[in-house]
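Novice: Okay, here's the structure, questions in a sec.
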Amino acid sequence: MTLRHFVRKPAVAVVTAAILAAGGTAALLLPQTLSAQTPVIPSVPSVPSVPSVRGLPDFTDLVDLVGPSVVNIRTLERASASAGPGSGADEQMLEFFRRFGIPVPPGLTPRGPRQDRGPSEDPQPRGVGSGFILSADGLIMTNAHVVDGADELIVTLADRREFKATVVGADKRTDVAVVKIDATGLNAVRIGDVNRLRVGEWVMAIGSPFGLDNTVTAGIVSAKKRDTGDFLPFIQTDVAINPGNSGGPLINMRGEVVGINSQIYSRSGGFQGISFAIPIDEAVRVSDQIRTTGRVTRGRIGVQIDQVSKEVAESIGLGQPKGALVRGVEPDSPAAKAGVEPGDIILKFDGKEIDKSVDLPRLVGNTKPGNKSSMTVFRRGSQRELSVVVAEVEPEQPQRRAAAPEAPKPQVAGAAKALGLAVADLSAAQKKELGLKGGVRVQATEGPAARAGLREGDVIVAVANADTSNVKELEAALAKLDKTRPFNVLFRRGEWAQYAVIRPGR
């Protein structure tokens, strides 16, 4: 299954369905008297009653309230002068099939590469999406993928007026864009509080699925803070979302916008009961930066992170799996200057708990570059407080390639051998390349060490929360362990650090 963004406008297929719901009642008949042989039923503790649902919600007033604030966005592109008769609607259908990996039906001919023979006089239809009015003077919010690559934008209001629009700015990371039309006195939406949104709450969407303007669908909130990306915890719903709904509002029962409909979870490219919306508080934060500076700035500290598994958390004394495991630290990055080390687990950032690893990039990304932030890290069985100056996100740098490992003579004596480890001290060149003061290089593995995932070339830097700078320290640390209990090993593989749990008895 894959997450789908929807931009293109395929051929319209209308399917009607009727759902009948029926309810019944049951009566329990009890005798007026009990015989001597009838057992006495013991009393049962009372259970708090749950308010019964008294019918389905009525969305008519919400449609009247929010409908005038929802717009249709058509995107156009200047097709090449050599484009043949297969353009237009067929071209939109082809793009739809390409985007979602659906086989192209007979009769539709894929277009060749775009020729630079000059643009045609009239822009050709490219796709369709939705949006909603942010301000009375014509600011409109939509998805970045709706406007991406378009040569022209046409915004159609609910009263059928049309305007050419310009893109104020777009942020692909969060899929948020702001466009502007030359109009005044428009009906702006009311922004809701995502923190008040509850799972099971009714919500409604208005948009242009398959180009059908002002289409209303409804459902419930299925989940909150659903992880589908680095920077956004999505709202999951079962509201019907289809191609053309992208960029439209998700509305609560108070008539407030709580999200932007953006993606679905689908095997076919069509709606299958799971859709995702960008939380409106995140979208507004991004749009405010776009409107002020034309771009979005994000913070970074320069770490590569991973999730903390239950097994690792228990073995290192953390208890429950939480935080972000630091697998690597970029040289000269804010994290490196703050003293963060591979193998650390970041538990808090600026006083906010890191429950899952994805929480960290969101918190750091939302921090203003130059801000001095506090961090709580778990290292070798205890917590430490660090201070880091957040930098601004920059283009990704190519990863350094580790030098070819040298092959010092392996040492296989003692406790390491019993675990299936052949190890050797790091050379000075290897320490410099890896940025380590010490460590023990794995030359070969078998038995418990191999089953734990260790392999040739790994560098062990700690055992059971104790640093191991050389083979002698490794042997000393292993000798102190209970040979019947599993223990953790912190090791480097290339530039990244991770944990393994060795079970001696298996």
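Lettering and numbering for the structure tokens are positional, with chains as A, B, ... in the shown order, residues counted from 1 in each chain, and ligands counted from 1 in the shown order.
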Find the residues around region 472-487 of chain A up to 8 Å (only C-alpha atoms counted), leave out those fewer than 5 positions away in its own chain, and share them as a list in words.
Specialist: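 Everything that qualifies: Ser315, Ile316, Gly414, Ala415, Ala416, Val440, Ala462, Val463, Ala464, Ala466, Asp467, Val501, Ile502, Arg503, Pro504 and Gly505 of chain A.
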Novice: Taking only C-alpha atoms into account, name the residue in A:Leu419, A:Ala338, A:Ala313, A:Ala324 that is nearest to Glu353 (chain A).
Specialist: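 Closest to Glu353 (chain A) of all the choices is A:Ala324.
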Novice: Can you pull out every residue within 10 Å of Leu318 (chain A), counting only C-alpha atoms, but drop anything in the same chain fewer than 6 positions away, and send it as a PyMOL selection string?
Specialist: chain A and resi 308+310+312+345+378-383
Novice: Report as a short mmCIF file (atom, residue, chain, number, x, y, z; two decimals) with C-alpha atoms, in the first residue's frame all protein, DNA and RNA residues lying within 6 Å of region 253-257 of chain A, evaluated on only C-alpha atoms, omitting residues in the same chain fewer than 6 positions from it.
Specialist:
```cif
data_model
loop_
_atom_site.label_atom_id
_atom_site.label_comp_id
_atom_site.auth_asym_id
_atom_site.auth_seq_id
_atom_site.Cartn_x
_atom_site.Cartn_y
_atom_site.Cartn_z
CA LEU A 62 -21.99 23.62 8.23
CA ARG A 190 -12.45 30.03 10.87
CA ILE A 191 -9.38 28.18 12.13
CA GLY A 192 -10.00 25.49 14.75
#
```
Novice: Provide the CA of Thr376 (chain A) to CA of Glu330 (chain A) distance in Å, to one decimal place.
Specialist: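 Result for CA of Thr376 (chain A) versus CA of Glu330 (chain A): 18.8 Å, one decimal.
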Novice: For Lys431 (chain A), which residue among A:Gly447, A:Leu386, A:Val461, A:Lys417 is the nearest when counting only C-alpha atoms?
Specialist: A:Val461
Novice: Please tabulate, as CSV, the residues of region 328-435 of chain A that come within 12 Å of region 170-187 of chain A, each with its closest pair of atoms and the distance in Å to one decimal, counting only C-alpha atoms and ordering rows by chain, then residue number upward.
Specialist:
```
residue,atom,partner,partner_atom,distance
A:Arg362,CA,A:Thr174,CA,10.9
A:Gly365,CA,A:Arg173,CA,11.0
A:Asn366,CA,A:Thr174,CA,11.9
A:Val393,CA,A:Arg173,CA,11.9
```
Novice: Write out as a list in words all residues of region 460-498 of chain A that backbone DSSP assigns to helix (DSSP H, G or I).
Specialist: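 In region 460-498 of chain A, DSSP puts these residues in helix (DSSP H, G or I): Val471, Lys472, Glu473, Leu474, Glu475, Ala476, Ala477, Leu478 and Ala479 of chain A.
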Novice: A:Val203, A:Ile251, A:Val71, A:Val286: which is nearest Phe163 (chain A), counting only C-alpha atoms?
Specialist: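 Smallest distance to Phe163 (chain A) is found for A:Val71.
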Novice: Where does DSSP see strand (DSSP E) in region 299-385 of chain A, if you list the residues as a PyMOL selection string?
Specialist: chain A and resi 299-300+303-307+324-329+345-349+352-353+372-379+382-385
Novice: Using only C-alpha atoms, find the one residue out of A:Gly207, A:Gly219, A:Pro331, A:Gly435 that sits nearest to Thr237 (chain A).
Specialist: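 The closest residue to Thr237 (chain A) is A:Gly219.
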Novice: Grab the CA of Arg126 (chain A) to CA of Thr75 (chain A) distance for me, in Å with one decimal place.
Specialist: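 Computing the Euclidean distance for CA of Arg126 (chain A) and CA of Thr75 (chain A) yields 5.4 Å.
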Novice: Tell me which of A:Glu392, A:Asp350, A:Glu341, A:Asp332 sits closest to Val296 (chain A), counting only C-alpha atoms.
Specialist: A:Glu392
Novice: Can you pull out every residue within 7 Å of Ile354 (chain A), counting only C-alpha atoms, but drop anything in the same chain fewer than 6 positions away, and send it as a PyMOL selection string?
Specialist: chain A and resi 322-324+347-348+360
Novice: Would you output that residue set with C-alpha atoms, as a CSV table (one decimal), in the first residue's frame?
Specialist:
```csv
chain,number,residue,atom,x,y,z
A,322,LYS,CA,11.1,6.2,24.3
A,323,GLY,CA,13.3,8.9,22.9
A,324,ALA,CA,15.4,9.1,19.8
A,347,LEU,CA,14.7,12.1,25.8
A,348,LYS,CA,13.8,15.8,25.9
A,360,LEU,CA,12.6,15.1,17.5
```
Novice: Given only C-alpha atoms as the basis, pick out the residue of A:Gly317, A:Gly273, A:Ser246, A:Ala158 nearest to Asp64 (chain A).
Specialist: A:Ala158
Novice: Using CA of Arg226 (chain A) and CA of Leu363 (chain A) as the two end points, give the distance in Å to one decimal.
Specialist: 15.8 Å
Novice: Need the shell around Val168 (chain A): protein/DNA/RNA residues with any atom at most 10 Å away, counting only C-alpha atoms. Skip same-chain ones fewer than 4 positions apart. Format as a PDB file with N, CA and C atoms, in the first residue's frame?
Specialist:
```pdb
ATOM      1  N   LEU A 139      -6.197  35.691   0.039  1.00  0.00           N
ATOM      2  CA  LEU A 139      -5.195  34.661   0.319  1.00  0.00           C
ATOM      3  C   LEU A 139      -5.885  33.309   0.457  1.00  0.00           C
ATOM      4  N   ILE A 140      -5.339  32.315  -0.215  1.00  0.00           N
ATOM      5  CA  ILE A 140      -5.954  30.986  -0.256  1.00  0.00           C
ATOM      6  C   ILE A 140      -4.900  29.940   0.095  1.00  0.00           C
ATOM      7  N   MET A 141      -5.282  28.961   0.916  1.00  0.00           N
ATOM      8  CA  MET A 141      -4.386  27.873   1.276  1.00  0.00           C
ATOM      9  C   MET A 141      -4.761  26.617   0.512  1.00  0.00           C
ATOM     10  N   ALA A 177       0.830  25.256   0.534  1.00  0.00           N
ATOM     11  CA  ALA A 177       1.067  26.375  -0.375  1.00  0.00           C
ATOM     12  C   ALA A 177       0.045  27.466  -0.111  1.00  0.00           C
ATOM     13  N   VAL A 178       0.440  28.705  -0.415  1.00  0.00           N
ATOM     14  CA  VAL A 178      -0.453  29.855  -0.315  1.00  0.00           C
ATOM     15  C   VAL A 178      -0.492  30.543  -1.673  1.00  0.00           C
ATOM     16  N   VAL A 179      -1.696  30.778  -2.185  1.00  0.00           N
ATOM     17  CA  VAL A 179      -1.864  31.498  -3.448  1.00  0.00           C
ATOM     18  C   VAL A 179      -2.714  32.742  -3.199  1.00  0.00           C
ATOM     19  N   LYS A 180      -2.669  33.686  -4.153  1.00  0.00           N
ATOM     20  CA  LYS A 180      -3.364  34.973  -3.982  1.00  0.00           C
ATOM     21  C   LYS A 180      -4.171  35.288  -5.225  1.00  0.00           C
ATOM     22  N   SER A 287       2.289  28.628   6.664  1.00  0.00           N
ATOM     23  CA  SER A 287       1.758  29.702   5.808  1.00  0.00           C
ATOM     24  C   SER A 287       2.148  31.081   6.322  1.00  0.00           C
ATOM     25  N   ILE A 290       5.549  31.684   5.010  1.00  0.00           N
ATOM     26  CA  ILE A 290       5.487  31.921   3.569  1.00  0.00           C
ATOM     27  C   ILE A 290       5.010  33.343   3.283  1.00  0.00           C
ATOM     28  N   ARG A 291       3.993  33.790   4.001  1.00  0.00           N
ATOM     29  CA  ARG A 291       3.442  35.127   3.759  1.00  0.00           C
ATOM     30  C   ARG A 291       4.409  36.221   4.198  1.00  0.00           C
ATOM     31  N   THR A 292       5.212  35.929   5.219  1.00  0.00           N
ATOM     32  CA  THR A 292       6.122  36.949   5.749  1.00  0.00           C
ATOM     33  C   THR A 292       7.425  37.031   4.966  1.00  0.00           C
ATOM     34  N   THR A 293       8.018  35.868   4.689  1.00  0.00           N
ATOM     35  CA  THR A 293       9.348  35.852   4.063  1.00  0.00           C
ATOM     36  C   THR A 293       9.385  35.175   2.705  1.00  0.00           C
ATOM     37  N   GLY A 294       8.298  34.506   2.316  1.00  0.00           N
ATOM     38  CA  GLY A 294       8.276  33.808   1.038  1.00  0.00           C
ATOM     39  C   GLY A 294       8.879  32.419   1.096  1.00  0.00           C
ATOM     40  N   ARG A 295       9.399  32.001   2.241  1.00  0.00           N
ATOM     41  CA  ARG A 295       9.973  30.667   2.385  1.00  0.00           C
ATOM     42  C   ARG A 295       9.836  30.210   3.832  1.00  0.00           C
TER      43      ARG A 295
END
```
